[in-house]
file upload.txt (compact mmCIF, C-alpha atoms)
# COMPACT_ATOMS: atom_id res chain seq x y z
CA MET A 1 87.29 79.91 86.19
CA TYR A 2 88.46 83.00 88.02
CA LYS A 3 89.11 86.33 86.29
CA ILE A 4 91.96 88.73 87.00
CA ILE A 5 91.29 92.30 88.14
CA ASP A 6 94.10 94.05 86.30
CA GLY A 7 95.11 97.14 88.25
CA LYS A 8 97.96 97.97 85.91
CA LEU A 9 95.64 98.03 82.88
CA THR A 10 92.96 100.02 84.70
CA ALA A 11 95.47 102.51 86.05
CA GLY A 12 96.74 103.01 82.50
CA LEU A 13 93.22 103.84 81.30
CA ILE A 14 92.73 106.35 84.11
CA LYS A 15 96.11 107.94 83.42
CA ASN A 16 95.04 108.42 79.81
CA GLU A 17 91.87 110.17 81.02
CA ILE A 18 93.92 112.43 83.29
CA ALA A 19 96.46 113.17 80.54
CA LEU A 20 93.65 114.36 78.25
CA LYS A 21 92.42 116.75 80.94
CA VAL A 22 95.94 118.08 81.49
CA ALA A 23 96.39 118.59 77.74
CA GLU A 24 93.12 120.53 77.65
CA ARG A 25 94.34 122.69 80.53
CA ALA A 26 97.62 123.37 78.75
CA LYS A 27 95.80 124.27 75.52
CA SER A 28 93.62 126.73 77.43
CA GLY A 29 96.62 128.30 79.16
CA LYS A 30 95.58 126.98 82.58
CA LYS A 31 97.98 125.86 85.29
CA ILE A 32 99.68 122.47 84.86
CA PRO A 33 99.26 120.30 88.00
CA HIS A 34 102.37 120.09 90.19
CA LEU A 35 102.79 117.19 92.65
CA ALA A 36 105.63 117.15 95.19
CA ALA A 37 106.94 114.37 97.43
CA ILE A 38 109.09 114.44 100.55
CA LEU A 39 111.22 111.31 100.96
CA VAL A 40 112.95 110.79 104.31
CA GLY A 41 115.79 108.29 104.37
CA SER A 42 116.56 105.56 101.84
CA ASN A 43 113.97 102.82 102.45
CA ALA A 44 114.15 100.65 99.32
CA SER A 45 110.37 100.23 98.97
CA SER A 46 109.79 103.95 99.45
CA GLU A 47 112.50 104.80 96.92
CA THR A 48 110.83 102.58 94.31
CA TYR A 49 107.36 103.88 95.10
CA VAL A 50 108.36 107.54 94.87
CA ALA A 51 110.28 106.92 91.63
CA ASN A 52 107.14 105.38 90.14
CA LYS A 53 105.07 108.37 91.26
CA ILE A 54 107.46 110.74 89.50
CA LYS A 55 107.28 108.57 86.38
CA ASP A 56 103.47 108.68 86.54
CA CYS A 57 103.57 112.48 86.70
CA GLY A 58 105.63 112.62 83.54
CA GLU A 59 103.27 110.27 81.72
CA VAL A 60 100.20 112.44 82.37
CA GLY A 61 101.90 115.81 81.88
CA PHE A 62 102.19 116.84 85.54
CA ARG A 63 105.16 118.67 86.96
CA SER A 64 106.83 116.93 89.90
CA THR A 65 109.29 117.80 92.64
CA LEU A 66 111.16 115.47 94.99
CA VAL A 67 112.47 116.74 98.33
CA ARG A 68 115.02 114.36 99.89
CA MET A 69 115.91 114.39 103.58
CA ASN A 70 118.26 112.20 105.64
CA ASP A 71 116.72 109.59 107.95
CA ASP A 72 118.16 111.41 110.98
CA VAL A 73 116.47 114.68 110.07
CA PRO A 74 114.97 116.43 113.13
CA GLU A 75 111.19 116.44 113.18
CA GLU A 76 111.11 120.24 113.26
CA GLU A 77 113.19 120.40 110.07
CA LEU A 78 110.72 118.11 108.32
CA LEU A 79 107.84 120.26 109.57
CA GLU A 80 109.58 123.33 108.15
CA ALA A 81 109.85 121.60 104.74
CA ILE A 82 106.11 120.89 104.93
CA ARG A 83 105.37 124.53 105.75
CA LYS A 84 107.35 125.62 102.69
CA LEU A 85 105.29 123.34 100.42
CA ASN A 86 102.07 124.50 102.10
CA ASN A 87 102.99 128.10 101.28
CA ASP A 88 104.33 127.51 97.77
CA PRO A 89 101.58 128.60 95.33
CA ASP A 90 103.08 126.53 92.51
CA ILE A 91 102.72 123.25 94.45
CA ASP A 92 99.16 122.00 94.08
CA ALA A 93 99.49 118.87 96.24
CA PHE A 94 102.17 116.85 97.96
CA ILE A 95 102.86 113.75 99.99
CA VAL A 96 105.24 112.82 102.77
CA GLN A 97 106.22 109.24 101.99
CA LEU A 98 105.50 106.78 104.81
CA PRO A 99 106.82 105.06 106.84
CA LEU A 100 108.91 107.67 108.66
CA PRO A 101 111.83 107.08 111.05
CA GLU A 102 110.79 106.18 114.59
CA HIS A 103 111.81 109.52 116.07
CA ILE A 104 109.23 111.35 113.94
CA SER A 105 105.51 111.38 114.77
CA GLU A 106 103.55 110.36 111.68
CA ASN A 107 100.36 111.88 113.11
CA ARG A 108 102.04 115.23 113.71
CA ILE A 109 103.44 115.23 110.18
CA ILE A 110 100.10 114.34 108.58
CA GLU A 111 98.29 117.03 110.58
CA ALA A 112 100.86 119.64 109.45
CA ILE A 113 99.96 119.16 105.77
CA ASP A 114 97.53 121.72 104.34
CA PRO A 115 94.28 119.72 103.84
CA GLU A 116 93.86 121.42 100.46
CA LYS A 117 97.24 120.01 99.32
CA ASP A 118 96.84 116.56 100.88
CA ALA A 119 97.47 114.24 97.92
CA ASP A 120 97.39 111.13 100.12
CA GLY A 121 94.02 112.04 101.63
CA PHE A 122 95.25 111.25 105.17
CA HIS A 123 94.60 114.59 106.90
CA PRO A 124 91.83 114.41 109.55
CA VAL A 125 89.88 117.10 107.67
CA ASN A 126 89.78 114.97 104.52
CA ILE A 127 89.02 111.79 106.45
CA GLY A 128 86.14 113.65 108.10
CA ARG A 129 84.79 114.81 104.74
CA MET A 130 84.92 111.23 103.52
CA VAL A 131 83.04 109.97 106.59
CA VAL A 132 80.12 112.38 106.06
CA GLY A 133 80.06 111.83 102.28
CA LEU A 134 81.40 115.18 101.10
CA GLU A 135 83.60 115.47 98.04
CA GLY A 136 87.29 115.64 98.84
CA TYR A 137 90.68 114.01 98.61
CA LEU A 138 90.19 110.31 99.29
CA PRO A 139 92.88 108.05 100.79
CA ALA A 140 94.81 106.66 97.85
CA THR A 141 94.63 102.89 98.33
CA PRO A 142 90.95 102.75 99.43
CA PHE A 143 90.00 104.96 96.48
CA GLY A 144 91.94 102.69 94.12
CA ILE A 145 90.19 99.57 95.44
CA VAL A 146 86.69 101.03 95.14
CA GLU A 147 87.49 102.33 91.66
CA LEU A 148 88.63 98.86 90.57
CA LEU A 149 85.35 97.34 91.78
CA LYS A 150 83.37 99.98 89.89
CA ARG A 151 85.32 99.68 86.65
CA TYR A 152 84.99 95.90 86.62
CA ASP A 153 81.23 96.18 87.29
CA ILE A 154 81.54 94.10 90.45
CA GLU A 155 78.33 94.46 92.43
CA THR A 156 78.84 95.89 95.91
CA SER A 157 75.33 96.96 96.93
CA GLY A 158 74.10 94.73 99.75
CA ARG A 159 77.09 92.40 99.42
CA GLU A 160 78.89 91.04 102.47
CA CYS A 161 82.38 92.54 102.49
CA VAL A 162 85.15 91.68 104.97
CA VAL A 163 88.18 93.96 105.30
CA ILE A 164 91.20 92.44 107.06
CA GLY A 165 93.30 95.07 108.82
CA ARG A 166 92.37 98.31 110.56
CA SER A 167 95.19 100.68 109.61
CA ASN A 168 94.39 104.36 109.18
CA ILE A 169 95.85 104.18 105.67
CA VAL A 170 93.83 101.29 104.21
CA GLY A 171 91.52 99.16 106.33
CA ARG A 172 89.64 101.71 108.40
CA PRO A 173 88.97 104.29 105.63
CA LEU A 174 88.18 101.53 103.14
CA SER A 175 85.49 100.12 105.44
CA ILE A 176 83.86 103.57 105.41
CA LEU A 177 84.12 104.02 101.63
CA LEU A 178 82.61 100.60 100.94
CA SER A 179 79.65 101.30 103.19
CA ARG A 180 78.89 104.81 101.86
CA LYS A 181 75.80 105.50 99.77
CA GLY A 182 76.49 104.57 96.17
CA THR A 183 78.69 101.61 97.11
CA ASP A 184 76.35 100.26 99.79
CA ALA A 185 78.27 97.18 100.94
CA THR A 186 77.66 95.58 104.33
CA VAL A 187 81.12 95.75 105.86
CA THR A 188 82.83 93.76 108.60
CA LEU A 189 86.27 94.94 109.72
CA VAL A 190 88.42 92.21 111.26
CA HIS A 191 91.84 92.55 112.87
CA SER A 192 94.38 90.90 115.16
CA ARG A 193 91.94 90.80 118.09
CA THR A 194 89.03 89.35 116.11
CA ARG A 195 87.98 85.88 117.21
CA ASP A 196 87.88 83.28 114.43
CA ILE A 197 88.63 85.49 111.44
CA ALA A 198 88.10 82.53 109.10
CA SER A 199 84.42 82.27 110.04
CA HIS A 200 83.88 85.88 108.93
CA LEU A 201 85.76 85.35 105.67
CA ARG A 202 83.72 82.27 104.71
CA ARG A 203 80.56 84.41 104.66
CA ALA A 204 82.11 87.17 102.55
CA ASP A 205 81.15 87.98 98.97
CA ILE A 206 84.11 90.39 98.81
CA ILE A 207 87.35 90.08 100.81
CA VAL A 208 89.99 92.80 101.04
CA ALA A 209 93.23 91.61 102.66
CA ALA A 210 95.34 94.48 103.97
CA LEU A 211 97.38 93.23 106.91
CA GLY A 212 100.89 92.74 105.53
CA SER A 213 101.14 89.02 106.30
CA PRO A 214 102.17 86.95 103.25
CA GLY A 215 99.79 84.10 102.40
CA PHE A 216 97.50 84.77 105.40
CA VAL A 217 94.29 84.14 103.45
CA THR A 218 94.10 80.46 102.50
CA ALA A 219 91.67 78.40 100.43
CA ASP A 220 89.76 77.04 103.45
CA MET A 221 88.74 80.62 104.33
CA ILE A 222 87.07 81.39 100.98
CA LYS A 223 83.59 80.57 99.72
CA GLN A 224 83.06 79.65 96.09
CA GLY A 225 82.66 82.70 93.85
CA ALA A 226 84.11 85.28 96.23
CA VAL A 227 85.87 88.43 95.00
CA VAL A 228 89.32 88.82 96.58
CA ILE A 229 91.32 92.05 96.66
CA ASP A 230 94.92 91.59 97.85
CA VAL A 231 96.59 94.74 99.18
CA GLY A 232 99.67 92.98 100.57
CA THR A 233 103.11 93.87 99.19
CA THR A 234 105.66 92.23 101.46
CA ARG A 235 109.18 91.60 100.19
CA VAL A 236 110.14 87.94 100.68
CA PRO A 237 113.38 86.13 99.71
CA SER A 238 113.42 84.68 96.20
CA PRO A 239 116.66 83.03 95.03
CA SER A 240 115.36 82.89 91.45
CA ALA A 241 114.83 86.66 91.26
CA ARG A 242 117.67 88.90 90.15
CA SER A 243 117.03 91.20 93.12
CA GLY A 244 116.97 88.29 95.55
CA TRP A 245 113.39 89.05 96.59
CA LYS A 246 109.84 89.19 95.25
CA LEU A 247 106.58 90.81 96.32
CA ALA A 248 104.15 88.54 98.16
CA GLY A 249 100.51 89.31 98.81
CA ASP A 250 98.38 88.55 101.84
CA VAL A 251 96.54 85.88 99.85
CA ASP A 252 97.77 82.38 98.94
CA PHE A 253 97.02 83.14 95.29
CA ASP A 254 97.66 79.71 93.71
CA ASN A 255 95.22 77.92 96.02
CA VAL A 256 92.69 80.73 96.59
CA ALA A 257 92.26 81.90 92.98
CA PRO A 258 90.47 78.75 91.70
CA LEU A 259 87.66 79.42 94.20
CA CYS A 260 87.21 83.07 93.21
CA SER A 261 85.10 84.83 90.63
CA TRP A 262 87.56 87.76 90.56
CA ILE A 263 90.97 88.27 92.19
CA THR A 264 93.78 90.83 92.08
CA PRO A 265 97.37 89.71 91.46
CA VAL A 266 100.46 90.88 93.36
CA PRO A 267 102.11 92.79 91.84
CA GLY A 268 99.89 94.48 89.24
CA GLY A 269 96.69 94.71 91.26
CA VAL A 270 96.07 97.42 93.83
CA GLY A 271 99.51 99.09 93.71
CA PRO A 272 99.14 100.92 90.37
CA MET A 273 95.69 102.15 91.43
CA THR A 274 97.13 103.68 94.61
CA ARG A 275 99.49 105.77 92.51
CA VAL A 276 96.71 106.86 90.16
CA ALA A 277 94.72 108.09 93.15
CA LEU A 278 97.51 110.57 93.91
CA LEU A 279 97.20 111.92 90.37
CA ARG A 280 93.44 112.15 90.79
CA ASN A 281 93.76 114.12 94.04
CA THR A 282 96.39 116.45 92.54
CA LEU A 283 94.22 117.18 89.51
CA MET A 284 91.29 117.88 91.83
CA ALA A 285 93.46 120.27 93.85
CA VAL A 286 94.41 122.37 90.83
CA GLU A 287 90.84 122.32 89.46
CA LEU A 288 89.47 123.61 92.77
CA LYS A 289 91.77 126.65 92.79

call {"tool": "encode", "arguments": {"input": "upload.txt", "output": "structure tokens"}}
result
Amino acid sequence: MYKIIDGKLTAGLIKNEIALKVAERAKSGKKIPHLAAILVGSNASSETYVANKIKDCGEVGFRSTLVRMNDDVPEEELLEAIRKLNNDPDIDAFIVQLPLPEHISENRIIEAIDPEKDADGFHPVNIGRMVVGLEGYLPATPFGIVELLKRYDIETSGRECVVIGRSNIVGRPLSILLSRKGTDATVTLVHSRTRDIASHLRRADIIVAALGSPGFVTADMIKQGAVVIDVGTTRVPSPSARSGWKLAGDVDFDNVAPLCSWITPVPGGVGPMTRVALLRNTLMAVELK
């Protein structure tokens, strides 16, 4: 019988740990962590995600600031907002919520963020530190996934791990984190140009699906006893839901789960851990000052 990897429960435990550290800082008269977010436009998923981040800040005792900008904002105006946060000594870390409108270069925006305030861990400096194994701000979703595996005592050393998807936000940095010393997985990264993805998945002890294609991973691709981490969060129509939609993962949960030893649900799996990683990076930023 498969077991559920409960990201919501685990994130709650980590938030409690962070809240205790913040309370200790407050008692000692030290600075309270302050996380800011820039939200461009009114993308429904981004709105929800940022609202949850602000809620998380309140729960652990952080201060938070939200900077809203219209979706037609000129790139230079967004860069100026980033410069202000970079230079604000009271802001310890911040994010620019992705995705951005098409007329704005995501790479240029990410590179404009001060690496020491990079709560998302996307800046090339922080990615480079991760690659060579130095301490730093780790990309939020990859950190959350590795932390889940550790906290559920799921063995990674020497295990065959297949990551589906090569985005700079999840797949690529996750493949590096999983293969670093201390985690020690043998990692295969597959993507849209990989021949016969299913053959790679059938060998995998651990599968991480992060491609944004609902139900892509099916039961015939899984070996008995595999661990499956589902990063997918695609909105699909659902007449029975009050909102008219529901979140669907990249894994056909109902048919895949019976073959697994462990599996994450959607929602309630990786998502809450991604948000906790932002809190972790913000706390690190204020502690390093």

call {"tool": "residues_near_point", "arguments": {"input": "upload.txt", "point": "(92.9, 112.6, 97.7)", "cutoff": "7 Å", "atoms": "all atoms listed in the file", "output": "list in words"}}
result
Asp118, Ala119, Asp120, Gly121, Gly136, Tyr137, Leu138, Pro139, Ala140, Ala277, Leu278, Arg280 and Asn281 of chain A

call {"tool": "axis_aligned_box", "arguments": {"input": "upload.txt", "around": "stretch 91-103 of chain A", "padding_each_side": "6 Å", "output": "lines of an AutoDock Vina configuration file"}}
result
center_x = 105.5
center_y = 114.2
center_z = 105.1
size_x = 24.7
size_y = 30.2
size_z = 34.0

call {"tool": "atom_distance", "arguments": {"input": "upload.txt", "atom1": "atom CA of A:Val217", "atom2": "atom CA of A:Ser157"}}
result
23.8 Å

call {"tool": "closest_residue", "arguments": {"input": "upload.txt", "among": "A:Trp245, A:Trp262, A:Phe122, A:Phe216", "to": "A:Ile229", "atoms": "only C-alpha atoms"}}
result
A:Trp262

call {"tool": "atom_distance", "arguments": {"input": "upload.txt", "atom1": "atom CA of A:Ser167", "atom2": "atom CA of A:Glu77"}}
result
26.7 Å

call {"tool": "decode", "arguments": {"input": "upload.txt", "residues": "stretch 49-70 of chain A", "atoms": "C-alpha atoms", "output": "mmCIF file, in the first residue's frame"}}
result
data_model
loop_
_atom_site.group_PDB
_atom_site.id
_atom_site.type_symbol
_atom_site.label_atom_id
_atom_site.label_comp_id
_atom_site.auth_asym_id
_atom_site.auth_seq_id
_atom_site.Cartn_x
_atom_site.Cartn_y
_atom_site.Cartn_z
ATOM 1 C CA TYR A 49 0.398 32.161 -4.723
ATOM 2 C CA VAL A 50 1.490 35.613 -3.539
ATOM 3 C CA ALA A 51 -1.473 35.841 -1.145
ATOM 4 C CA ASN A 52 -0.397 32.534 0.391
ATOM 5 C CA LYS A 53 3.181 33.790 0.739
ATOM 6 C CA ILE A 54 1.970 36.850 2.626
ATOM 7 C CA LYS A 55 -0.145 34.607 4.859
ATOM 8 C CA ASP A 56 2.904 32.413 5.527
ATOM 9 C CA CYS A 57 4.901 35.480 6.580
ATOM 10 C CA GLY A 58 2.265 36.409 9.120
ATOM 11 C CA GLU A 59 2.195 32.882 10.543
ATOM 12 C CA VAL A 60 5.942 32.825 11.265
ATOM 13 C CA GLY A 61 6.234 36.431 12.444
ATOM 14 C CA PHE A 62 7.857 37.915 9.328
ATOM 15 C CA ARG A 63 7.041 41.340 7.983
ATOM 16 C CA SER A 64 5.882 41.381 4.368
ATOM 17 C CA THR A 65 5.418 43.929 1.602
ATOM 18 C CA LEU A 66 3.575 43.545 -1.703
ATOM 19 C CA VAL A 67 4.418 45.796 -4.649
ATOM 20 C CA ARG A 68 1.747 45.678 -7.381
ATOM 21 C CA MET A 69 2.395 46.743 -10.968
ATOM 22 C CA ASN A 70 0.150 46.718 -14.059
#
